[in-house]
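Enquirer: This is the structure I want to talk about, given as structure tokens.
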Amino acid sequence: MGNSQPENTSGLLFLTDEQLRKGIEAMFFAYRGFTADPDRILAERSYGRAHHRALHFIQRSPGTTVNNLLSTLGVTKQSLNRVLRTLIQDGLVLNEVGVQDKRQRHLSLTVDGSEFEQNLSNAQSDRMRAAYRQAGPDAVQGFRSVLEAMMDPELKKHYESFSKGQRL
């Protein structure tokens, strides 16, 4: 199996350890590139990636509750509260009391928050669009299939709800 190409026998894919290592390394370096542009934008406000993730998922599901966001992000309540406090104080996120359940807090982006989130998304969309164009349509579908296959079942449920445009 020293062959650098995967062997396909009866629909099964056989990968060498070296091919798997190259895939892992490609993911590490691609992630660095994928986050580099938004990291520069975030740094201007002394924000980090946690702020970006919160803004992204609030934008994708306006009115989501704090508990839903906690579940989506998989972070501690303390960590999320620290991030949300900053975003609320800076006028990027609204935190409104629930109409039906006063204990719930519903999150949405302000106009400034939407603009800031759009800048972050545009930076990543531009990089992803260029990579997709270079790789071609078959690679785009293959890449998405690989990412989806790597997701834990619970996280895949979150992903699928966003892919279908459902609110959490």
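The way I read the labels, and the way they are meant: chains A, B, ... in the order of the structure tokens, residue 1 as the first residue of every chain, and ligand 1 as the first ligand shown, with later ones counted on from there.
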Quick one: residues within 6 Å of segment 105-120 of chain A, only C-alpha atoms counted, chain neighbours fewer than 2 positions away excluded, as an NGL selection string?
Expert: :A and (38 or 58 or 62-66 or 92-98 or 122-123)
Enquirer: With a distance cut-off of 12 Å and only C-alpha atoms, select the neighbouring residues of Ser121 of chain A, excluding the residue or stretch itself and same-chain residues fewer than 5 positions from it, and output the selection as a list in words.
Expert: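 Returned residues: Phe34, Thr35, Asp37, Pro38, Asp39, Ile41, Leu42, His52, Arg53, Leu55, His56, Phe57, Gln59, Arg60, Ser114, Glu115, Phe116, Asp126, Arg127, Met128 and Arg129 of chain A.
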Enquirer: Only N, CA and C atoms, please: the residues just picked out, written as a compact mmCIF listing (two decimals), in the first residue's frame.
Expert:
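Dumped to again.txt:
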```
# COMPACT_ATOMS: atom_id res chain seq x y z
N PHE A 34 -8.75 29.81 6.77
CA PHE A 34 -10.17 30.12 6.87
C PHE A 34 -10.45 31.12 7.99
N THR A 35 -9.68 31.06 9.06
CA THR A 35 -9.91 31.95 10.20
C THR A 35 -9.02 33.20 10.18
N ASP A 37 -8.54 35.73 7.97
CA ASP A 37 -9.15 37.00 7.58
C ASP A 37 -10.11 37.52 8.65
N PRO A 38 -11.04 36.69 9.14
CA PRO A 38 -11.91 37.21 10.22
C PRO A 38 -11.13 37.53 11.50
N ASP A 39 -10.08 36.79 11.79
CA ASP A 39 -9.29 37.08 12.99
C ASP A 39 -8.75 38.52 12.96
N ILE A 41 -10.12 41.09 11.41
CA ILE A 41 -11.26 41.98 11.63
C ILE A 41 -11.66 41.97 13.11
N LEU A 42 -11.69 40.79 13.73
CA LEU A 42 -12.03 40.66 15.14
C LEU A 42 -11.02 41.38 16.03
N HIS A 52 -17.09 35.68 17.17
CA HIS A 52 -17.48 35.42 15.78
C HIS A 52 -18.53 34.32 15.71
N ARG A 53 -18.29 33.23 16.41
CA ARG A 53 -19.25 32.11 16.38
C ARG A 53 -20.61 32.55 16.93
N LEU A 55 -21.91 35.62 17.00
CA LEU A 55 -22.53 36.51 16.01
C LEU A 55 -23.08 35.71 14.83
N HIS A 56 -22.31 34.76 14.35
CA HIS A 56 -22.73 33.96 13.20
C HIS A 56 -24.05 33.24 13.48
N PHE A 57 -24.11 32.54 14.61
CA PHE A 57 -25.29 31.73 14.88
C PHE A 57 -26.49 32.55 15.34
N GLN A 59 -27.06 35.49 13.99
CA GLN A 59 -27.51 35.98 12.69
C GLN A 59 -28.29 34.90 11.95
N ARG A 60 -27.84 33.66 12.04
CA ARG A 60 -28.51 32.55 11.34
C ARG A 60 -29.85 32.19 11.96
N SER A 114 -25.30 43.21 12.65
CA SER A 114 -25.49 42.56 11.34
C SER A 114 -24.41 42.97 10.35
N GLU A 115 -24.06 44.25 10.36
CA GLU A 115 -23.01 44.73 9.46
C GLU A 115 -21.66 44.11 9.81
N PHE A 116 -21.36 44.05 11.11
CA PHE A 116 -20.09 43.47 11.54
C PHE A 116 -20.03 41.99 11.19
N ASP A 126 -15.51 34.79 0.66
CA ASP A 126 -14.60 35.07 -0.45
C ASP A 126 -13.54 33.98 -0.59
N ARG A 127 -12.97 33.58 0.54
CA ARG A 127 -11.93 32.54 0.51
C ARG A 127 -12.54 31.20 0.08
N MET A 128 -13.71 30.88 0.62
CA MET A 128 -14.35 29.60 0.29
C MET A 128 -14.79 29.58 -1.18
N ARG A 129 -15.34 30.67 -1.66
CA ARG A 129 -15.77 30.75 -3.06
C ARG A 129 -14.58 30.52 -4.00
```
Enquirer: Could you list, as a PDB file with N, CA and C atoms, in the first residue's frame, every residue within 8 Å of segment 81-85 of chain A, counting only C-alpha atoms and ignoring same-chain residues fewer than 4 positions away?
Expert:
```
ATOM      1  N   ALA A  50     -14.705  33.188  19.576  1.00  0.00           N
ATOM      2  CA  ALA A  50     -15.963  32.920  20.274  1.00  0.00           C
ATOM      3  C   ALA A  50     -16.993  34.007  19.952  1.00  0.00           C
ATOM      4  N   HIS A  51     -16.544  35.247  19.837  1.00  0.00           N
ATOM      5  CA  HIS A  51     -17.436  36.343  19.458  1.00  0.00           C
ATOM      6  C   HIS A  51     -17.973  36.112  18.045  1.00  0.00           C
ATOM      7  N   ALA A  54     -20.607  33.306  18.013  1.00  0.00           N
ATOM      8  CA  ALA A  54     -21.874  33.777  18.587  1.00  0.00           C
ATOM      9  C   ALA A  54     -22.605  34.669  17.588  1.00  0.00           C
ATOM     10  N   LYS A  77     -21.806  28.045  30.074  1.00  0.00           N
ATOM     11  CA  LYS A  77     -22.652  29.219  30.263  1.00  0.00           C
ATOM     12  C   LYS A  77     -21.806  30.433  30.642  1.00  0.00           C
ATOM     13  N   GLN A  89     -22.921  45.060  25.352  1.00  0.00           N
ATOM     14  CA  GLN A  89     -22.400  46.370  25.757  1.00  0.00           C
ATOM     15  C   GLN A  89     -21.915  47.180  24.565  1.00  0.00           C
ATOM     16  N   VAL A  93     -25.496  43.114  19.867  1.00  0.00           N
ATOM     17  CA  VAL A  93     -26.505  42.085  20.144  1.00  0.00           C
ATOM     18  C   VAL A  93     -27.572  42.658  21.070  1.00  0.00           C
TER      19      VAL A  93
END
```
Enquirer: Residues of chain A in helix (DSSP H, G or I) according to DSSP, as a PyMOL selection string?
Expert: chain A and resi 17-43+49-60+66-73+77-89+111-135+137-150+153-163
Enquirer: One decimal, in Å: what's the spacing between atom CA of Tyr132 of chain A and atom CA of Leu13 of chain A?
Expert: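 Between atom CA of Tyr132 of chain A and atom CA of Leu13 of chain A the gap is 23.4 Å.
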Enquirer: Could you work out how far atom CA of Asn67 of chain A lies from atom CA of Gln104 of chain A, giving the answer in Å with one decimal?
Expert: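 Atom CA of Gln104 of chain A sits 8.3 Å away from atom CA of Asn67 of chain A.
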Enquirer: Run DSSP on the backbone and give me the residues of chain A it puts in strand (DSSP E or B), as a PyMOL selection string.
Expert: chain A and resi 7-9+12-14+64-65+93-97+105-109
Enquirer: With C-alpha atoms retained, write the just-selected residues as an mmCIF file, in the first residue's frame.
Expert:
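Done, and the output landed in result39.cif:
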```
data_model
loop_
_atom_site.group_PDB
_atom_site.id
_atom_site.type_symbol
_atom_site.label_atom_id
_atom_site.label_comp_id
_atom_site.auth_asym_id
_atom_site.auth_seq_id
_atom_site.Cartn_x
_atom_site.Cartn_y
_atom_site.Cartn_z
ATOM 1 C CA GLU A 7 -7.258 1.976 -4.111
ATOM 2 C CA ASN A 8 -10.924 1.458 -4.817
ATOM 3 C CA THR A 9 -12.091 -2.144 -4.602
ATOM 4 C CA LEU A 12 -14.395 0.490 -0.511
ATOM 5 C CA LEU A 13 -11.805 3.212 -0.065
ATOM 6 C CA PHE A 14 -8.410 2.168 1.274
ATOM 7 C CA THR A 64 -32.722 32.278 19.393
ATOM 8 C CA THR A 65 -32.535 31.749 23.121
ATOM 9 C CA VAL A 93 -26.505 42.085 20.144
ATOM 10 C CA LEU A 94 -29.965 42.633 21.646
ATOM 11 C CA ASN A 95 -30.986 40.511 24.634
ATOM 12 C CA GLU A 96 -34.761 40.603 25.017
ATOM 13 C CA VAL A 97 -37.006 38.972 27.626
ATOM 14 C CA ARG A 105 -33.638 35.577 26.845
ATOM 15 C CA HIS A 106 -33.916 35.971 23.070
ATOM 16 C CA LEU A 107 -30.906 37.150 21.104
ATOM 17 C CA SER A 108 -30.763 39.081 17.854
ATOM 18 C CA LEU A 109 -28.255 41.303 16.119
#
```
Enquirer: One number please: atom CA of Phe162 of chain A to atom CA of Ser61 of chain A, in Å, one decimal.
Expert: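 Atom CA of Phe162 of chain A sits 8.1 Å away from atom CA of Ser61 of chain A.
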